[in-house]
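Peer 1: Sharing coords-v5.cif here; it has mmCIF, C-alpha atoms.
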```cif
data_final
#
loop_
_atom_site.group_PDB
_atom_site.id
_atom_site.type_symbol
_atom_site.label_atom_id
_atom_site.label_comp_id
_atom_site.auth_asym_id
_atom_site.auth_seq_id
_atom_site.Cartn_x
_atom_site.Cartn_y
_atom_site.Cartn_z
ATOM 1 C CA MET A 1 0.000 0.000 0.000
ATOM 2 C CA THR A 2 1.376 3.405 -0.970
ATOM 3 C CA THR A 3 0.807 6.599 0.993
ATOM 4 C CA THR A 4 1.418 10.316 0.573
ATOM 5 C CA GLN A 5 4.606 9.783 2.616
ATOM 6 C CA ASP A 6 6.189 7.505 0.009
ATOM 7 C CA PHE A 7 8.382 10.212 -1.489
ATOM 8 C CA GLN A 8 11.937 9.317 -2.479
ATOM 9 C CA LEU A 9 15.040 10.736 -4.110
ATOM 10 C CA GLY A 10 17.735 8.921 -6.046
ATOM 11 C CA MET A 11 20.744 9.969 -8.075
ATOM 12 C CA LYS A 12 23.642 8.674 -10.153
ATOM 13 C CA MET A 13 26.644 10.333 -11.784
ATOM 14 C CA GLU A 14 26.438 10.526 -15.581
ATOM 15 C CA SER A 15 29.036 9.355 -18.081
ATOM 16 C CA THR A 16 27.935 11.987 -20.602
ATOM 17 C CA VAL A 17 26.552 15.297 -19.396
ATOM 18 C CA GLY A 18 22.809 15.469 -20.062
ATOM 19 C CA THR A 19 22.390 11.795 -21.000
ATOM 20 C CA PRO A 20 20.109 10.304 -18.322
ATOM 21 C CA VAL A 21 21.106 7.184 -16.423
ATOM 22 C CA THR A 22 19.108 4.953 -14.093
ATOM 23 C CA VAL A 23 19.466 6.200 -10.524
ATOM 24 C CA ASP A 24 20.737 3.643 -8.029
ATOM 25 C CA ARG A 25 21.854 5.707 -4.996
ATOM 26 C CA PHE A 26 19.013 6.812 -2.754
ATOM 27 C CA LEU A 27 19.222 9.622 -0.267
ATOM 28 C CA GLU A 28 17.349 10.115 2.967
ATOM 29 C CA PHE A 29 16.301 13.757 2.860
ATOM 30 C CA LYS A 30 14.201 16.322 4.690
ATOM 31 C CA SER A 31 13.037 18.512 1.827
ATOM 32 C CA GLU A 32 13.695 19.320 -1.820
ATOM 33 C CA SER A 33 12.982 22.431 -3.852
ATOM 34 C CA LEU A 34 13.970 21.414 -7.388
ATOM 35 C CA ARG A 35 12.138 23.787 -9.703
ATOM 36 C CA PRO A 36 12.370 23.707 -13.508
ATOM 37 C CA ASP A 37 12.076 26.913 -15.512
ATOM 38 C CA TYR A 38 9.725 26.584 -18.467
ATOM 39 C CA GLY A 39 9.946 29.801 -20.455
ATOM 40 C CA VAL A 40 7.218 31.779 -22.198
ATOM 41 C CA LEU A 41 8.235 34.398 -24.774
ATOM 42 C CA THR A 42 5.843 37.170 -25.803
ATOM 43 C CA SER A 43 5.880 39.553 -28.746
ATOM 44 C CA GLY A 44 5.828 43.291 -28.240
ATOM 45 C CA ASN A 45 3.798 43.865 -31.420
ATOM 46 C CA ARG A 46 0.554 45.787 -31.184
ATOM 47 C CA ARG A 47 -2.366 46.356 -33.561
ATOM 48 C CA LYS A 48 -5.372 48.637 -33.406
ATOM 49 C CA GLY A 49 -7.768 47.732 -30.636
ATOM 50 C CA GLN A 50 -5.305 45.368 -28.866
ATOM 51 C CA ALA A 51 -5.472 45.615 -25.060
ATOM 52 C CA ALA A 52 -2.735 43.073 -24.250
ATOM 53 C CA VAL A 53 -0.535 40.402 -25.830
ATOM 54 C CA ARG A 54 -2.402 38.273 -28.375
ATOM 55 C CA ALA A 55 -2.731 34.556 -27.603
ATOM 56 C CA ASP A 56 -1.099 33.693 -30.950
ATOM 57 C CA ARG A 57 1.973 35.861 -30.278
ATOM 58 C CA THR A 58 3.606 33.715 -27.596
ATOM 59 C CA VAL A 59 6.199 30.958 -27.756
ATOM 60 C CA ARG A 60 6.714 28.194 -25.171
ATOM 61 C CA THR A 61 10.433 27.408 -24.935
ATOM 62 C CA GLY A 62 10.383 24.161 -23.008
ATOM 63 C CA LEU A 63 12.766 23.533 -20.097
ATOM 64 C CA ARG A 64 15.445 26.219 -19.858
ATOM 65 C CA THR A 65 17.115 25.296 -16.579
ATOM 66 C CA LEU A 66 16.625 23.859 -13.106
ATOM 67 C CA THR A 67 17.351 25.427 -9.749
ATOM 68 C CA GLY A 68 16.714 24.568 -6.125
ATOM 69 C CA GLY A 69 18.213 22.270 -3.579
ATOM 70 C CA ILE A 70 18.047 19.155 -1.429
ATOM 71 C CA THR A 71 18.271 19.486 2.354
ATOM 72 C CA HIS A 72 19.324 16.420 4.317
ATOM 73 C CA ASP A 73 21.343 15.125 7.251
ATOM 74 C CA PRO A 74 24.475 13.405 5.863
ATOM 75 C CA LEU A 75 24.894 9.763 6.841
ATOM 76 C CA SER A 76 28.001 7.704 7.484
ATOM 77 C CA LYS A 77 27.140 5.560 4.448
ATOM 78 C CA GLY A 78 25.905 6.416 0.972
ATOM 79 C CA TRP A 79 26.676 10.149 1.013
ATOM 80 C CA GLY A 80 29.744 10.245 -1.244
ATOM 81 C CA LEU A 81 28.019 11.321 -4.483
ATOM 82 C CA ILE A 82 26.857 14.603 -2.964
ATOM 83 C CA PRO A 83 30.312 16.197 -2.572
ATOM 84 C CA LYS A 84 31.468 14.562 -5.817
ATOM 85 C CA LEU A 85 28.864 16.534 -7.769
ATOM 86 C CA VAL A 86 30.016 19.810 -6.176
ATOM 87 C CA PHE A 87 33.773 19.319 -5.806
ATOM 88 C CA GLY A 88 34.298 17.471 -9.098
ATOM 89 C CA THR A 89 37.457 15.633 -8.044
ATOM 90 C CA VAL A 90 37.679 12.706 -5.653
ATOM 91 C CA SER A 91 40.313 10.115 -4.764
ATOM 92 C CA THR A 92 39.853 7.060 -2.578
ATOM 93 C CA GLY A 93 42.543 5.645 -0.331
ATOM 94 C CA SER A 94 43.101 1.990 0.492
ATOM 95 C CA PRO A 95 41.898 0.770 3.905
ATOM 96 C CA THR A 96 44.377 1.317 6.702
ATOM 97 C CA GLU A 97 42.614 -1.357 8.745
ATOM 98 C CA THR A 98 39.878 -3.495 7.163
ATOM 99 C CA THR A 99 36.721 -1.671 6.078
ATOM 100 C CA ASP A 100 37.660 2.010 6.240
ATOM 101 C CA TYR A 101 37.786 4.064 3.057
ATOM 102 C CA LEU A 102 38.707 7.724 3.008
ATOM 103 C CA HIS A 103 37.299 9.652 0.051
ATOM 104 C CA THR A 104 39.109 12.949 -0.464
ATOM 105 C CA TYR A 105 37.518 15.744 -2.496
ATOM 106 C CA LEU A 106 39.553 18.747 -3.664
ATOM 107 C CA ILE A 107 38.557 22.152 -4.969
ATOM 108 C CA THR A 108 41.114 23.227 -7.550
ATOM 109 C CA ALA A 109 40.746 25.176 -10.789
ATOM 110 C CA GLY A 110 38.850 23.767 -13.758
ATOM 111 C CA ASN A 111 37.685 20.356 -12.548
ATOM 112 C CA LEU A 112 33.907 20.667 -13.036
ATOM 113 C CA THR A 113 33.741 20.027 -16.790
ATOM 114 C CA GLY A 114 31.974 16.747 -17.518
ATOM 115 C CA VAL A 115 30.643 16.387 -13.959
ATOM 116 C CA SER A 116 26.866 15.913 -13.787
ATOM 117 C CA ALA A 117 24.210 13.627 -12.349
ATOM 118 C CA THR A 118 20.757 12.306 -13.044
ATOM 119 C CA ILE A 119 18.392 12.946 -10.146
ATOM 120 C CA GLN A 120 14.966 11.341 -9.793
ATOM 121 C CA VAL A 121 12.395 12.584 -7.289
ATOM 122 C CA GLY A 122 9.321 10.486 -6.536
ATOM 123 C CA ARG A 123 6.488 12.846 -5.553
ATOM 124 C CA PRO A 124 3.255 11.168 -4.399
ATOM 125 C CA TRP A 125 -0.200 12.166 -5.563
ATOM 126 C CA MET A 126 -2.944 12.493 -2.952
ATOM 127 C CA ASP A 127 -3.935 8.858 -3.476
ATOM 128 C CA GLY A 128 -0.372 7.686 -2.787
ATOM 129 C CA THR A 129 0.593 7.045 -6.414
ATOM 130 C CA VAL A 130 4.231 8.073 -6.765
ATOM 131 C CA GLN A 131 4.964 10.219 -9.823
ATOM 132 C CA PRO A 132 8.574 10.167 -11.070
ATOM 133 C CA PHE A 133 10.331 13.408 -11.993
ATOM 134 C CA THR A 134 13.691 12.648 -13.594
ATOM 135 C CA TYR A 135 16.224 15.421 -14.215
ATOM 136 C CA ALA A 136 19.249 14.789 -16.432
ATOM 137 C CA GLY A 137 22.396 16.863 -16.635
ATOM 138 C CA CYS A 138 22.209 18.240 -13.092
ATOM 139 C CA LYS A 139 25.200 20.426 -12.219
ATOM 140 C CA GLY A 140 26.247 20.971 -8.607
ATOM 141 C CA GLY A 141 25.848 24.621 -7.729
ATOM 142 C CA GLY A 142 27.007 24.375 -4.152
ATOM 143 C CA LEU A 143 27.021 22.620 -0.812
ATOM 144 C CA THR A 144 26.485 23.889 2.725
ATOM 145 C CA LEU A 145 27.321 21.989 5.917
ATOM 146 C CA SER A 146 26.217 23.398 9.262
ATOM 147 C CA THR A 147 25.547 22.434 12.856
ATOM 148 C CA GLY A 148 25.180 23.960 16.298
ATOM 149 C CA ILE A 149 24.903 22.961 19.935
ATOM 150 C CA ASP A 150 22.370 20.131 20.383
ATOM 151 C CA GLY A 151 22.168 19.847 16.594
ATOM 152 C CA ILE A 152 22.571 17.224 13.873
ATOM 153 C CA LEU A 153 24.914 18.039 10.988
ATOM 154 C CA GLU A 154 22.754 19.328 8.133
ATOM 155 C CA SER A 155 23.638 19.706 4.491
ATOM 156 C CA THR A 156 22.042 21.447 1.530
ATOM 157 C CA LEU A 157 23.003 20.541 -2.019
ATOM 158 C CA SER A 158 22.077 23.221 -4.553
ATOM 159 C CA ILE A 159 21.548 22.477 -8.230
ATOM 160 C CA ALA A 160 22.632 25.037 -10.818
ATOM 161 C CA HIS A 161 21.238 23.569 -14.047
ATOM 162 C CA ALA A 162 19.649 20.555 -15.717
ATOM 163 C CA TYR A 163 19.086 19.609 -19.350
ATOM 164 C CA SER A 164 15.752 17.825 -19.223
ATOM 165 C CA GLU A 165 12.798 16.820 -17.086
ATOM 166 C CA SER A 166 10.961 13.553 -17.698
ATOM 167 C CA VAL A 167 7.714 12.542 -15.983
ATOM 168 C CA SER A 168 7.334 9.227 -17.800
ATOM 169 C CA GLY A 169 8.795 5.827 -17.015
ATOM 170 C CA SER A 170 8.900 4.121 -13.656
ATOM 171 C CA VAL A 171 9.893 5.129 -10.177
ATOM 172 C CA GLU A 172 13.097 3.269 -9.398
ATOM 173 C CA SER A 173 12.975 0.922 -6.401
ATOM 174 C CA ALA A 174 14.603 2.693 -3.468
ATOM 175 C CA SER A 175 17.055 0.945 -1.155
ATOM 176 C CA TYR A 176 19.167 2.378 1.631
ATOM 177 C CA PRO A 177 22.408 1.266 3.313
ATOM 178 C CA GLY A 178 22.082 -0.541 6.612
ATOM 179 C CA GLY A 179 23.816 0.644 9.761
ATOM 180 C CA ALA A 180 24.222 4.260 8.649
ATOM 181 C CA GLN A 181 24.517 6.955 11.311
ATOM 182 C CA VAL A 182 24.096 10.702 11.480
ATOM 183 C CA PHE A 183 26.789 13.174 12.515
ATOM 184 C CA SER A 184 26.149 15.658 15.300
ATOM 185 C CA TYR A 185 27.706 18.354 17.440
ATOM 186 C CA VAL A 186 28.749 15.612 19.892
ATOM 187 C CA GLY A 187 31.427 14.485 17.420
ATOM 188 C CA GLY A 188 32.213 17.972 16.176
ATOM 189 C CA SER A 189 35.508 19.811 16.534
ATOM 190 C CA LEU A 190 37.347 22.821 15.169
ATOM 191 C CA LEU A 191 41.081 23.303 14.799
ATOM 192 C CA VAL A 192 42.429 26.771 14.086
ATOM 193 C CA ASP A 193 46.120 26.616 13.215
ATOM 194 C CA THR A 194 46.138 23.086 14.767
ATOM 195 C CA VAL A 195 44.750 24.404 18.088
ATOM 196 C CA ALA A 196 41.458 22.939 19.345
ATOM 197 C CA THR A 197 38.973 25.803 19.592
ATOM 198 C CA PRO A 198 35.622 25.632 21.458
ATOM 199 C CA ILE A 199 32.708 26.856 19.336
ATOM 200 C CA ASN A 200 28.920 27.031 19.585
ATOM 201 C CA ASP A 201 28.116 26.615 15.899
ATOM 202 C CA ALA A 202 29.782 26.281 12.526
ATOM 203 C CA SER A 203 28.861 26.517 8.861
ATOM 204 C CA VAL A 204 30.795 26.064 5.617
ATOM 205 C CA SER A 205 29.429 26.865 2.152
ATOM 206 C CA ILE A 206 30.934 25.966 -1.214
ATOM 207 C CA THR A 207 29.611 27.793 -4.293
ATOM 208 C CA ASN A 208 30.371 27.104 -7.948
ATOM 209 C CA ALA A 209 29.986 29.756 -10.648
ATOM 210 C CA TYR A 210 28.492 28.522 -13.920
ATOM 211 C CA ALA A 211 27.699 30.234 -17.207
ATOM 212 C CA LYS A 212 24.593 28.728 -18.793
ATOM 213 C CA ARG A 213 24.961 28.402 -22.558
ATOM 214 C CA PRO A 214 21.623 28.311 -24.420
ATOM 215 C CA LYS A 215 22.038 28.383 -28.183
ATOM 216 C CA LEU A 216 19.748 29.050 -31.136
ATOM 217 C CA GLY A 217 17.655 25.968 -31.708
ATOM 218 C CA ASN A 218 18.823 24.373 -28.459
ATOM 219 C CA VAL A 219 17.007 25.588 -25.352
ATOM 220 C CA ALA A 220 18.983 23.413 -22.938
ATOM 221 C CA GLY A 221 22.165 24.547 -24.666
ATOM 222 C CA LEU A 222 25.713 23.345 -24.199
ATOM 223 C CA GLU A 223 27.263 22.202 -20.952
ATOM 224 C CA PRO A 224 27.525 25.087 -18.447
ATOM 225 C CA LEU A 225 31.133 26.055 -17.834
ATOM 226 C CA GLU A 226 32.845 27.799 -14.943
ATOM 227 C CA ASN A 227 32.761 31.569 -15.382
ATOM 228 C CA GLY A 228 33.933 32.880 -12.032
ATOM 229 C CA ASP A 229 35.739 32.113 -8.810
ATOM 230 C CA ARG A 230 34.752 29.082 -6.809
ATOM 231 C CA THR A 231 34.078 30.383 -3.318
ATOM 232 C CA VAL A 232 34.277 28.745 0.085
ATOM 233 C CA THR A 233 33.058 30.663 3.111
ATOM 234 C CA ALA A 234 33.043 29.639 6.756
ATOM 235 C CA SER A 235 31.458 31.044 9.879
ATOM 236 C CA PHE A 236 31.525 30.006 13.510
ATOM 237 C CA THR A 237 30.865 31.438 16.946
ATOM 238 C CA ALA A 238 33.780 30.962 19.319
ATOM 239 C CA GLU A 239 34.046 31.501 23.031
ATOM 240 C CA PHE A 240 36.047 34.593 23.969
ATOM 241 C CA THR A 241 38.913 32.858 25.775
ATOM 242 C CA SER A 242 41.878 34.925 24.567
ATOM 243 C CA MET A 243 42.909 37.520 21.998
ATOM 244 C CA THR A 244 44.208 34.896 19.560
ATOM 245 C CA LEU A 245 41.191 34.775 17.243
ATOM 246 C CA LEU A 246 40.296 38.427 17.649
ATOM 247 C CA ASN A 247 43.820 39.368 16.633
ATOM 248 C CA LYS A 248 43.188 37.603 13.323
ATOM 249 C CA VAL A 249 40.441 40.149 12.663
ATOM 250 C CA ARG A 250 42.621 43.018 13.895
ATOM 251 C CA SER A 251 45.732 42.034 11.943
ATOM 252 C CA ALA A 252 47.329 44.609 9.646
ATOM 253 C CA THR A 253 49.211 41.922 7.674
ATOM 254 C CA ALA A 254 47.871 39.306 5.280
ATOM 255 C CA SER A 255 49.507 36.349 7.008
ATOM 256 C CA GLY A 256 48.429 37.569 10.438
ATOM 257 C CA GLY A 257 44.795 37.611 9.369
ATOM 258 C CA GLN A 258 44.826 34.123 7.893
ATOM 259 C CA ALA A 259 44.475 30.699 9.494
ATOM 260 C CA ALA A 260 44.367 27.023 8.630
ATOM 261 C CA VAL A 261 40.964 25.680 9.644
ATOM 262 C CA VAL A 262 39.769 22.086 10.042
ATOM 263 C CA LEU A 263 36.157 21.286 10.901
ATOM 264 C CA LYS A 264 35.320 17.671 11.650
ATOM 265 C CA TRP A 265 32.199 15.704 12.524
ATOM 266 C CA GLN A 266 32.697 12.140 13.764
ATOM 267 C CA ALA A 267 29.977 9.492 14.024
ATOM 268 C CA PRO A 268 29.654 7.614 17.331
ATOM 269 C CA THR A 269 30.306 4.005 16.268
ATOM 270 C CA LEU A 270 33.551 2.455 15.039
ATOM 271 C CA LEU A 271 33.660 1.388 11.389
ATOM 272 C CA SER A 272 36.803 -0.723 11.874
ATOM 273 C CA ALA A 273 39.157 -1.597 14.728
ATOM 274 C CA THR A 274 40.001 1.953 15.836
ATOM 275 C CA LEU A 275 38.611 4.280 13.163
ATOM 276 C CA TYR A 276 35.318 6.164 13.101
ATOM 277 C CA PRO A 277 33.265 7.491 10.209
ATOM 278 C CA TYR A 278 33.715 11.229 9.753
ATOM 279 C CA ILE A 279 33.196 14.217 7.512
ATOM 280 C CA SER A 280 35.891 16.872 7.590
ATOM 281 C CA ILE A 281 36.379 20.225 5.896
ATOM 282 C CA THR A 282 39.934 21.524 5.622
ATOM 283 C CA ILE A 283 40.553 25.104 4.516
ATOM 284 C CA PRO A 284 44.329 25.550 4.204
ATOM 285 C CA VAL A 285 44.061 29.352 4.132
ATOM 286 C CA LEU A 286 41.022 31.113 5.583
ATOM 287 C CA GLU A 287 40.992 34.909 5.421
ATOM 288 C CA VAL A 288 39.500 35.643 8.846
ATOM 289 C CA LEU A 289 36.967 38.439 8.842
ATOM 290 C CA GLY A 290 34.105 38.824 11.208
ATOM 291 C CA ASP A 291 32.449 40.626 13.980
ATOM 292 C CA TYR A 292 33.838 41.796 17.278
ATOM 293 C CA VAL A 293 33.366 41.077 20.960
ATOM 294 C CA ALA A 294 30.890 43.103 22.996
ATOM 295 C CA VAL A 295 29.264 42.969 26.403
ATOM 296 C CA ALA A 296 25.530 42.266 26.267
ATOM 297 C CA GLY A 297 24.636 42.027 29.915
ATOM 298 C CA PRO A 298 25.557 39.059 32.106
ATOM 299 C CA ASP A 299 25.657 36.503 29.301
ATOM 300 C CA LEU A 300 28.934 34.904 28.216
ATOM 301 C CA ILE A 301 30.907 36.889 25.672
ATOM 302 C CA THR A 302 31.310 35.169 22.327
ATOM 303 C CA LEU A 303 33.174 36.052 19.145
ATOM 304 C CA PRO A 304 31.275 35.591 15.862
ATOM 305 C CA LEU A 305 33.761 34.993 13.070
ATOM 306 C CA ASN A 306 33.525 34.412 9.360
ATOM 307 C CA GLY A 307 35.968 34.125 6.552
ATOM 308 C CA ILE A 308 36.607 33.322 2.927
ATOM 309 C CA ALA A 309 39.018 30.682 1.678
ATOM 310 C CA ARG A 310 42.066 31.635 -0.370
ATOM 311 C CA VAL A 311 44.009 29.361 -2.697
ATOM 312 C CA ASP A 312 47.146 28.014 -1.053
ATOM 313 C CA GLY A 313 50.533 27.600 -2.700
ATOM 314 C CA SER A 314 49.549 24.241 -4.216
ATOM 315 C CA GLY A 315 46.376 25.627 -5.822
ATOM 316 C CA VAL A 316 43.954 24.002 -3.353
ATOM 317 C CA LEU A 317 41.019 26.005 -2.018
ATOM 318 C CA CYS A 318 39.274 23.412 0.127
ATOM 319 C CA ILE A 319 39.411 19.694 0.960
ATOM 320 C CA LEU A 320 36.523 17.510 2.108
ATOM 321 C CA GLY A 321 37.197 14.137 3.700
ATOM 322 C CA TYR A 322 34.568 11.419 4.027
ATOM 323 C CA GLN A 323 35.595 8.281 5.927
ATOM 324 C CA THR A 324 33.111 5.447 5.504
ATOM 325 C CA THR A 325 32.777 1.754 4.810
ATOM 326 C CA ASP A 326 31.701 2.596 1.237
ATOM 327 C CA SER A 327 34.503 1.529 -1.074
ATOM 328 C CA THR A 328 33.330 3.930 -3.782
ATOM 329 C CA PRO A 329 32.006 7.494 -3.343
#
```
Please lay out the structure from this file as structure tokens.
Peer 2:
Amino acid sequence: MTTTQDFQLGMKMESTVGTPVTVDRFLEFKSESLRPDYGVLTSGNRRKGQAAVRADRTVRTGLRTLTGGITHDPLSKGWGLIPKLVFGTVSTGSPTETTDYLHTYLITAGNLTGVSATIQVGRPWMDGTVQPFTYAGCKGGGLTLSTGIDGILESTLSIAHAYSESVSGSVESASYPGGAQVFSYVGGSLLVDTVATPINDASVSITNAYAKRPKLGNVAGLEPLENGDRTVTASFTAEFTSMTLLNKVRSATASGGQAAVVLKWQAPTLLSATLYPYISITIPVLEVLGDYVAVAGPDLITLPLNGIARVDGSGVLCILGYQTTDSTP
């Protein structure tokens, strides 16, 4: 028996951008806002006695693009395709014990060409019938990871473009990995220049810049290409325990206002003999900006900070690590 709660979402990386593939990785998620843009063009011509645009002076373009996002709590299994779509480059290390695989994603210049996914959303009708919506050629517009005290790590994947939407065919049979766990503030940590730093909340956002390329006779156009800087921003609220972090904001030199930052969220259960699942974000050079400290009555004084990543000497902007029992991302 199907119900109105039988929604689902699956995805798979494509071999050729815009050529749909059958989804086989299914994501637990909290909400999605994938919205296609179907264009309507209207003529500016007028004739005597015409009060508005004539019905026979419009053109329907079909699907022009897709925007929106998918909000979910990352799990210790089955999450690896999400950063792959946004980062573009991933390498997988051999197990150091038995069943631990570390997938490492790098943001460097020019590694998003040819990276796309097919995403299928199953949206139920009121009678429980699940209608498939399949989007091919989805490009990763960005990824945000955030958590706070008493919170679960949450992620939002944003989509920058898609080539097509299909509402025919079947809804693929969803399956989910067993034994997966969420990440939370309990396993969270922040290192600033290798020093453990107590914080109340943290957020990191990665954004890709794409130029959409519609062409005459081809509404979907050619593959979107990078047309701007890839940006990584971070924010966190630290306890005011010394002048160390505040002096980053106050610094009059470039090096004095920069820091190496590592955020990490570890799941509670071992995946091998001594290793735990985790998601980490490493920013080799974070330009520390931010607020200032101030007294607001008897409450504890905190220091809200934010920053933007800079490319280090090796050309790396940001690194994401995902340690899991999944042998492939």
Peer 1: Exactly which residues make up the result of the PyMOL selection byres ((chain A and resi 279-296) around 7) on this file, given as number ranges by chain?
Peer 2: A: 248-249, 257-266, 278, 297-299, 301-312, 317-323
Peer 1: At a cut-off of 9 Å, using all atoms listed in the file, what residues contact Val90 in chain A? Leave out same-chain residues fewer than 5 positions from it and give the result as a PyMOL selection string.
Peer 2: chain A and resi 83-84+103-106+329
Peer 1: On this structure, the PyMOL selection byres ((chain A and resi 140-157) around 7) would catch which residues? List them as a ChimeraX atom specification, sorted by chain and number.
Peer 2: /A:69-74,85-86,138-139,158-160,183-185,200-208
Peer 1: Please report the interatomic distance between CA of Leu222 in chain A and CA of Gln120 in chain A in Å with one decimal.
Peer 2: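 Pair CA of Leu222 in chain A / CA of Gln120 in chain A returns 21.6 Å.
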Peer 1: Neighbours of Gln8 in chain A within 8 Å (all atoms listed in the file; same-chain residues fewer than 5 positions away dropped), as a list in words?
Peer 2: Phe26, Leu27, Glu28, Val121, Gly122, Arg123 and Ala174 of chain A
Peer 1: Could you check how far CA of Val21 in chain A sits from CA of Thr118 in chain A, in Å to one decimal?
Peer 2: 6.1 Å
Peer 1: Could you check which of A:Asp229, A:Asp193, A:Asp127, A:Glu223 is closest to Ala209 in chain A, using only C-alpha atoms?
Peer 2: A:Asp229
Peer 1: Between CA of Leu41 in chain A and CA of Ala55 in chain A, what distance in Å does the model show, to one decimal?
Peer 2: 11.3 Å
Peer 1: In the coordinate frame of the file, compute which residues have an atom within 12 Å of (32.4, -2.2, -2.1) when using all atoms listed in the file, and state them as a PyMOL selection string.
Peer 2: chain A and resi 77-78+92+94-95+98-101+177+324-329
Peer 1: Here is a test: counting only C-alpha atoms, which residue of A:Leu102, A:Val130, A:Thr67, A:Gln181 is nearest to Thr4 in chain A?
Peer 2: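 Nearest candidate to Thr4 in chain A out of A:Leu102, A:Val130, A:Thr67, A:Gln181: A:Val130.
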Peer 1: Once 5 Å is added on each side, what centre and edge lengths in Å to one decimal does the axis-aligned box around all listed atoms of range 257-273 of chain A have, as lines of an AutoDock Vina configuration file?
Peer 2:
```
center_x = 37.2
center_y = 18.0
center_z = 12.6
size_x = 25.2
size_y = 49.2
size_z = 19.4
```
Peer 1: Excluding same-chain residues fewer than 3 positions from Asp6 in chain A, what lies within 10 Å of it counting all atoms listed in the file, as a list of chain:residue names?
Peer 2: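 These residues fall inside the cut-off: A:Met1, A:Thr2, A:Thr3, A:Gly122, A:Arg123, A:Pro124, A:Trp125, A:Gly128, A:Thr129, A:Val130.
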Peer 1: Those residues you just picked out, can you put them in a file as a tab-separated table (two decimals), keeping the file's coordinate frame with C-alpha atoms?
Peer 2:
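In the end it all went to result_36.tsv:
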```tsv
chain	number	residue	atom	x	y	z
A	1	MET	CA	0.00	0.00	0.00
A	2	THR	CA	1.38	3.40	-0.97
A	3	THR	CA	0.81	6.60	0.99
A	122	GLY	CA	9.32	10.49	-6.54
A	123	ARG	CA	6.49	12.85	-5.55
A	124	PRO	CA	3.26	11.17	-4.40
A	125	TRP	CA	-0.20	12.17	-5.56
A	128	GLY	CA	-0.37	7.69	-2.79
A	129	THR	CA	0.59	7.04	-6.41
A	130	VAL	CA	4.23	8.07	-6.76
```
Peer 1: Mind telling me what the PyMOL selection byres ((chain A and resi 166) around 6) catches here, as a CSV table (one decimal) with C-alpha atoms, keeping the file's coordinate frame?
Peer 2:
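Full text of part.csv as output:
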```csv
chain,number,residue,atom,x,y,z
A,133,PHE,CA,10.3,13.4,-12.0
A,134,THR,CA,13.7,12.6,-13.6
A,165,GLU,CA,12.8,16.8,-17.1
A,167,VAL,CA,7.7,12.5,-16.0
A,168,SER,CA,7.3,9.2,-17.8
```
Peer 1: Against range 230-237 of chain A, which residues of range 106-200 of chain A fall within 9 Å? For each one I want the closest pair of atoms and the distance in Å (one decimal), counting only C-alpha atoms, rows by chain and increasing residue number, as JSON lines.
Peer 2:
```
{"residue": "A:Ile107", "atom": "CA", "partner": "A:Arg230", "partner_atom": "CA", "distance": 8.1}
{"residue": "A:Thr108", "atom": "CA", "partner": "A:Arg230", "partner_atom": "CA", "distance": 8.7}
{"residue": "A:Ala109", "atom": "CA", "partner": "A:Arg230", "partner_atom": "CA", "distance": 8.2}
{"residue": "A:Pro198", "atom": "CA", "partner": "A:Thr237", "partner_atom": "CA", "distance": 8.8}
{"residue": "A:Ile199", "atom": "CA", "partner": "A:Thr237", "partner_atom": "CA", "distance": 5.5}
{"residue": "A:Asn200", "atom": "CA", "partner": "A:Thr237", "partner_atom": "CA", "distance": 5.5}
```
Peer 1: Check the smallest atom-to-atom distance from each of A:Arg213, A:Thr197, A:Asn45, A:Ala180 to Ser242 in chain A using all atoms listed in the file, then report the winner.
Peer 2: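 Among the listed residues, the smallest separation from Ser242 in chain A belongs to A:Thr197.
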